[in-house]
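Trainee: One file is attached below, structure14.tsv, containing TSV, N, CA and C atoms.
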```
chain	number	residue	atom	x	y	z
A	937	MET	N	-6.75	5.88	-18.65
A	937	MET	CA	-6.69	5.15	-17.39
A	937	MET	C	-5.69	4.02	-17.53
A	938	ASN	N	-4.84	3.84	-16.54
A	938	ASN	CA	-3.79	2.83	-16.64
A	938	ASN	C	-4.12	1.55	-15.88
A	939	GLY	N	-5.23	1.48	-15.16
A	939	GLY	CA	-5.61	0.27	-14.45
A	939	GLY	C	-4.89	0.06	-13.14
A	940	ARG	N	-3.97	0.92	-12.80
A	940	ARG	CA	-3.23	0.80	-11.55
A	940	ARG	C	-3.82	1.79	-10.55
A	941	ARG	N	-3.70	1.48	-9.26
A	941	ARG	CA	-4.32	2.30	-8.22
A	941	ARG	C	-3.40	3.42	-7.74
A	942	HIS	N	-4.03	4.45	-7.21
A	942	HIS	CA	-3.28	5.51	-6.54
A	942	HIS	C	-2.62	4.90	-5.30
A	943	LEU	N	-1.52	5.46	-4.88
A	943	LEU	CA	-0.80	4.94	-3.72
A	943	LEU	C	-1.69	4.92	-2.48
A	944	GLY	N	-2.49	5.96	-2.27
A	944	GLY	CA	-3.37	6.03	-1.11
A	944	GLY	C	-4.41	4.92	-1.10
A	945	GLU	N	-4.96	4.60	-2.25
A	945	GLU	CA	-5.94	3.52	-2.35
A	945	GLU	C	-5.31	2.18	-2.01
A	946	THR	N	-4.10	1.95	-2.49
A	946	THR	CA	-3.39	0.70	-2.21
A	946	THR	C	-3.14	0.55	-0.72
A	947	LEU	N	-2.64	1.61	-0.08
A	947	LEU	CA	-2.35	1.55	1.35
A	947	LEU	C	-3.61	1.36	2.18
A	948	ALA	N	-4.70	2.03	1.78
A	948	ALA	CA	-5.96	1.88	2.52
A	948	ALA	C	-6.48	0.45	2.42
A	949	GLU	N	-6.37	-0.16	1.26
A	949	GLU	CA	-6.86	-1.53	1.10
A	949	GLU	C	-6.00	-2.52	1.88
A	950	VAL	N	-4.68	-2.35	1.85
A	950	VAL	CA	-3.79	-3.25	2.59
A	950	VAL	C	-4.04	-3.13	4.08
A	951	ALA	N	-4.12	-1.91	4.59
A	951	ALA	CA	-4.36	-1.70	6.02
A	951	ALA	C	-5.74	-2.21	6.42
A	952	GLY	N	-6.74	-1.94	5.60
A	952	GLY	CA	-8.09	-2.40	5.89
A	952	GLY	C	-8.18	-3.91	5.95
A	953	GLY	N	-7.50	-4.58	5.05
A	953	GLY	CA	-7.49	-6.05	5.06
A	953	GLY	C	-6.78	-6.61	6.28
A	954	ALA	N	-5.71	-5.96	6.70
A	954	ALA	CA	-4.99	-6.44	7.87
A	954	ALA	C	-5.77	-6.20	9.15
A	955	LEU	N	-6.55	-5.13	9.20
A	955	LEU	CA	-7.29	-4.80	10.41
A	955	LEU	C	-8.69	-5.39	10.44
A	956	ASP	N	-9.12	-6.00	9.33
A	956	ASP	CA	-10.46	-6.57	9.25
A	956	ASP	C	-10.46	-7.96	9.87
A	957	VAL	N	-10.81	-8.02	11.13
A	957	VAL	CA	-10.90	-9.31	11.82
A	957	VAL	C	-12.37	-9.65	11.98
A	958	GLY	N	-12.66	-10.91	12.05
A	958	GLY	CA	-14.05	-11.35	12.22
A	958	GLY	C	-14.61	-10.91	13.56
A	959	THR	N	-15.92	-11.02	13.71
A	959	THR	CA	-16.57	-10.57	14.94
A	959	THR	C	-16.13	-11.40	16.15
A	960	ASP	N	-15.85	-12.70	15.96
A	960	ASP	CA	-15.39	-13.52	17.07
A	960	ASP	C	-13.99	-13.10	17.50
A	961	ALA	N	-13.12	-12.83	16.52
A	961	ALA	CA	-11.75	-12.44	16.85
A	961	ALA	C	-11.69	-11.03	17.41
A	962	ALA	N	-12.60	-10.16	16.99
A	962	ALA	CA	-12.58	-8.78	17.46
A	962	ALA	C	-12.76	-8.69	18.97
A	963	ALA	N	-13.46	-9.65	19.56
A	963	ALA	CA	-13.64	-9.65	21.01
A	963	ALA	C	-12.35	-10.03	21.73
A	964	CYS	N	-11.44	-10.71	21.05
A	964	CYS	CA	-10.20	-11.19	21.68
A	964	CYS	C	-8.96	-10.42	21.26
A	965	VAL	N	-8.99	-9.79	20.10
A	965	VAL	CA	-7.81	-9.16	19.54
A	965	VAL	C	-8.03	-7.66	19.38
A	966	SER	N	-7.06	-6.90	19.82
A	966	SER	CA	-7.09	-5.45	19.62
A	966	SER	C	-5.79	-5.03	18.94
A	967	VAL	N	-5.89	-4.56	17.73
A	967	VAL	CA	-4.71	-4.17	16.96
A	967	VAL	C	-4.36	-2.73	17.32
A	968	THR	N	-3.13	-2.52	17.78
A	968	THR	CA	-2.69	-1.17	18.16
A	968	THR	C	-1.62	-0.63	17.22
A	969	SER	N	-0.99	-1.51	16.44
A	969	SER	CA	-0.01	-1.04	15.47
A	969	SER	C	0.09	-2.04	14.32
A	970	LEU	N	0.56	-1.53	13.20
A	970	LEU	CA	0.72	-2.35	12.01
A	970	LEU	C	1.97	-1.87	11.29
A	971	GLU	N	2.88	-2.78	11.04
A	971	GLU	CA	4.13	-2.44	10.37
A	971	GLU	C	4.25	-3.29	9.12
A	972	LEU	N	4.50	-2.65	7.98
A	972	LEU	CA	4.56	-3.36	6.70
A	972	LEU	C	5.83	-3.01	5.94
A	973	ASP	N	6.30	-3.96	5.17
A	973	ASP	CA	7.41	-3.76	4.24
A	973	ASP	C	6.95	-4.40	2.93
A	974	LEU	N	6.55	-3.56	1.97
A	974	LEU	CA	5.91	-4.05	0.75
A	974	LEU	C	6.72	-3.70	-0.50
A	975	PRO	N	6.72	-4.61	-1.50
A	975	PRO	CA	7.24	-4.21	-2.81
A	975	PRO	C	6.12	-3.47	-3.55
A	976	LEU	N	6.47	-2.36	-4.17
A	976	LEU	CA	5.48	-1.57	-4.91
A	976	LEU	C	6.05	-1.13	-6.24
A	977	ASP	N	5.19	-1.17	-7.25
A	977	ASP	CA	5.51	-0.53	-8.52
A	977	ASP	C	5.00	0.90	-8.41
A	978	ILE	N	5.90	1.86	-8.47
A	978	ILE	CA	5.53	3.27	-8.28
A	978	ILE	C	5.82	4.04	-9.56
A	979	ARG	N	4.87	4.87	-9.94
A	979	ARG	CA	5.01	5.75	-11.11
A	979	ARG	C	4.46	7.12	-10.79
A	980	LEU	N	5.04	8.13	-11.35
A	980	LEU	CA	4.52	9.49	-11.24
A	980	LEU	C	3.95	9.86	-12.60
A	981	LEU	N	2.65	10.14	-12.63
A	981	LEU	CA	1.99	10.54	-13.86
A	981	LEU	C	1.68	12.03	-13.80
A	982	ILE	N	1.92	12.72	-14.87
A	982	ILE	CA	1.58	14.12	-14.97
A	982	ILE	C	0.31	14.21	-15.82
A	983	GLU	N	-0.76	14.65	-15.18
A	983	GLU	CA	-2.05	14.77	-15.86
A	983	GLU	C	-2.48	16.23	-15.85
A	984	ALA	N	-3.56	16.53	-16.55
A	984	ALA	CA	-4.05	17.90	-16.63
A	984	ALA	C	-4.40	18.46	-15.25
A	985	GLU	N	-4.90	17.59	-14.34
A	985	GLU	CA	-5.27	18.03	-13.00
A	985	GLU	C	-4.04	18.22	-12.11
A	986	GLY	N	-2.91	17.69	-12.50
A	986	GLY	CA	-1.69	17.78	-11.70
A	986	GLY	C	-1.01	16.43	-11.61
A	987	PRO	N	0.08	16.36	-10.84
A	987	PRO	CA	0.80	15.09	-10.72
A	987	PRO	C	-0.01	14.06	-9.93
A	988	LEU	N	0.16	12.80	-10.30
A	988	LEU	CA	-0.58	11.71	-9.68
A	988	LEU	C	0.42	10.59	-9.36
A	989	LEU	N	0.48	10.18	-8.10
A	989	LEU	CA	1.39	9.12	-7.68
A	989	LEU	C	0.65	7.79	-7.71
A	990	ILE	N	1.09	6.91	-8.60
A	990	ILE	CA	0.52	5.58	-8.74
A	990	ILE	C	1.43	4.63	-7.97
A	991	GLY	N	0.86	3.86	-7.08
A	991	GLY	CA	1.63	2.89	-6.32
A	991	GLY	C	0.79	1.67	-6.07
A	992	ASP	N	1.16	0.55	-6.68
A	992	ASP	CA	0.36	-0.67	-6.55
A	992	ASP	C	1.31	-1.85	-6.38
A	993	LEU	N	0.78	-2.93	-5.88
A	993	LEU	CA	1.58	-4.14	-5.74
A	993	LEU	C	1.99	-4.63	-7.12
A	994	PRO	N	3.15	-5.26	-7.23
A	994	PRO	CA	3.60	-5.75	-8.55
A	994	PRO	C	2.57	-6.68	-9.18
A	995	LEU	N	2.44	-6.57	-10.49
A	995	LEU	CA	1.49	-7.42	-11.22
A	995	LEU	C	1.93	-8.88	-11.24
A	996	PHE	N	3.23	-9.11	-11.33
A	996	PHE	CA	3.74	-10.47	-11.48
A	996	PHE	C	4.74	-10.78	-10.38
A	997	ARG	N	4.79	-12.04	-10.00
A	997	ARG	CA	5.73	-12.47	-8.97
A	997	ARG	C	7.14	-12.54	-9.54
A	998	LEU	N	7.27	-13.01	-10.76
A	998	LEU	CA	8.58	-13.10	-11.42
A	998	LEU	C	8.76	-11.92	-12.35
A	999	ARG	N	9.95	-11.35	-12.36
A	999	ARG	CA	10.23	-10.19	-13.20
A	999	ARG	C	11.24	-10.58	-14.27
A	1000	THR	N	11.15	-9.89	-15.41
A	1000	THR	CA	12.10	-10.13	-16.49
A	1000	THR	C	13.23	-9.11	-16.40
A	1001	ALA	N	14.19	-9.24	-17.26
A	1001	ALA	CA	15.30	-8.28	-17.29
A	1001	ALA	C	14.83	-6.91	-17.77
A	1002	PHE	N	13.66	-6.83	-18.41
A	1002	PHE	CA	13.13	-5.58	-18.91
A	1002	PHE	C	12.37	-4.80	-17.84
A	1003	ASP	N	11.95	-5.48	-16.79
A	1003	ASP	CA	11.16	-4.83	-15.74
A	1003	ASP	C	12.08	-4.15	-14.73
A	1004	PRO	N	11.77	-2.92	-14.37
A	1004	PRO	CA	12.56	-2.28	-13.30
A	1004	PRO	C	12.25	-2.97	-11.97
A	1005	PRO	N	13.23	-2.99	-11.07
A	1005	PRO	CA	12.95	-3.63	-9.78
A	1005	PRO	C	11.89	-2.83	-9.02
A	1006	PRO	N	11.07	-3.50	-8.23
A	1006	PRO	CA	10.04	-2.77	-7.48
A	1006	PRO	C	10.69	-1.94	-6.37
A	1007	ALA	N	10.03	-0.86	-6.02
A	1007	ALA	CA	10.46	-0.06	-4.88
A	1007	ALA	C	10.02	-0.79	-3.61
A	1008	ARG	N	10.58	-0.42	-2.49
A	1008	ARG	CA	10.17	-0.98	-1.21
A	1008	ARG	C	9.56	0.14	-0.38
A	1009	LEU	N	8.40	-0.14	0.18
A	1009	LEU	CA	7.73	0.82	1.06
A	1009	LEU	C	7.67	0.22	2.45
A	1010	GLN	N	8.27	0.92	3.40
A	1010	GLN	CA	8.19	0.51	4.80
A	1010	GLN	C	7.33	1.54	5.51
A	1011	ILE	N	6.28	1.05	6.17
A	1011	ILE	CA	5.33	1.95	6.81
A	1011	ILE	C	4.91	1.36	8.15
A	1012	CYS	N	4.68	2.23	9.12
A	1012	CYS	CA	4.24	1.79	10.44
A	1012	CYS	C	3.08	2.67	10.87
A	1013	TRP	N	1.93	2.05	11.12
A	1013	TRP	CA	0.77	2.76	11.65
A	1013	TRP	C	0.65	2.40	13.12
A	1014	GLN	N	0.37	3.40	13.97
A	1014	GLN	CA	0.18	3.16	15.38
A	1014	GLN	C	-1.06	3.91	15.85
A	1015	SER	N	-1.79	3.27	16.76
A	1015	SER	CA	-2.96	3.95	17.31
A	1015	SER	C	-2.51	5.01	18.31
A	1016	VAL	N	-3.24	6.08	18.34
A	1016	VAL	CA	-2.95	7.19	19.26
A	1016	VAL	C	-4.21	7.45	20.06
A	1017	PRO	N	-4.10	7.50	21.39
A	1017	PRO	CA	-5.30	7.82	22.18
A	1017	PRO	C	-5.86	9.18	21.77
A	1018	THR	N	-7.18	9.29	21.74
A	1018	THR	CA	-7.80	10.51	21.24
A	1018	THR	C	-7.45	11.72	22.09
A	1019	GLU	N	-7.25	11.57	23.39
A	1019	GLU	CA	-6.90	12.73	24.21
A	1019	GLU	C	-5.48	13.21	23.91
A	1020	ALA	N	-4.59	12.32	23.45
A	1020	ALA	CA	-3.23	12.72	23.08
A	1020	ALA	C	-3.20	13.36	21.70
A	1021	ALA	N	-4.16	13.03	20.86
A	1021	ALA	CA	-4.18	13.55	19.49
A	1021	ALA	C	-4.68	14.98	19.44
A	1022	ALA	N	-5.43	15.43	20.42
A	1022	ALA	CA	-6.01	16.77	20.41
A	1022	ALA	C	-5.02	17.83	20.79
```
For the file at hand, write its structure as structure tokens.
Mentor:
Amino acid sequence: MNGRRHLGETLAEVAGGALDVGTDAAACVSVTSLELDLPLDIRLLIEAEGPLLIGDLPLFRLRTAFDPPPARLQICWQSVPTEAAA
């Protein structure tokens, strides 16, 4: 185990935190889209079960000359009405 999260787990936590508004704010705010531009440390691991994409936020704010630069992930989530999704 490398201690780093799968890319899907990272994205779910970031989106969940951004959409988690308190009960008072939920009555006033309705989030319909979320757009992010994040630095990510991404690695592809080959395991017995198959390839595994690790993508997590950088461990450190400052990087040394030995550290590869982080990748950038730009993602946009938008709500879709359920009748349009079917």
Trainee: Using Å and a single decimal, report how far atom CA of A:Asp956 sits from atom CA of A:Pro975.
Mentor: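 So the two atoms, atom CA of A:Pro975 and atom CA of A:Asp956, lie 21.5 Å apart.
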Trainee: Identify, with DSSP run on backbone atoms, the residues in stretch 953-1005 of chain A assigned to alpha helix (DSSP H), and express the list as an NGL selection string.
Mentor: :A and (953-955 or 959-962)
Trainee: Can you list, as a PyMOL selection string, every protein, DNA or RNA residue that comes within 6 Å of stretch 1003-1011 of chain A when you count all atoms listed in the file, leaving out same-chain residues fewer than 6 positions away?
Mentor: chain A and resi 970-978
Trainee: So which residues of stretch 967-1022 of chain A fall under strand (DSSP E) by DSSP, listed as a PyMOL selection string?
Mentor: chain A and resi 969-983+986-992+1007-1014
Trainee: Just the number, please: distance in Å from atom CA of A:Val967 to atom CA of A:Thr946, one decimal.
Mentor: 19.8 Å
Trainee: What gap, in Å, lies between atom CA of A:Leu993 and atom CA of A:Gly939?
Mentor: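 For atom CA of A:Leu993 relative to atom CA of A:Gly939, the distance reads 12.1 Å.
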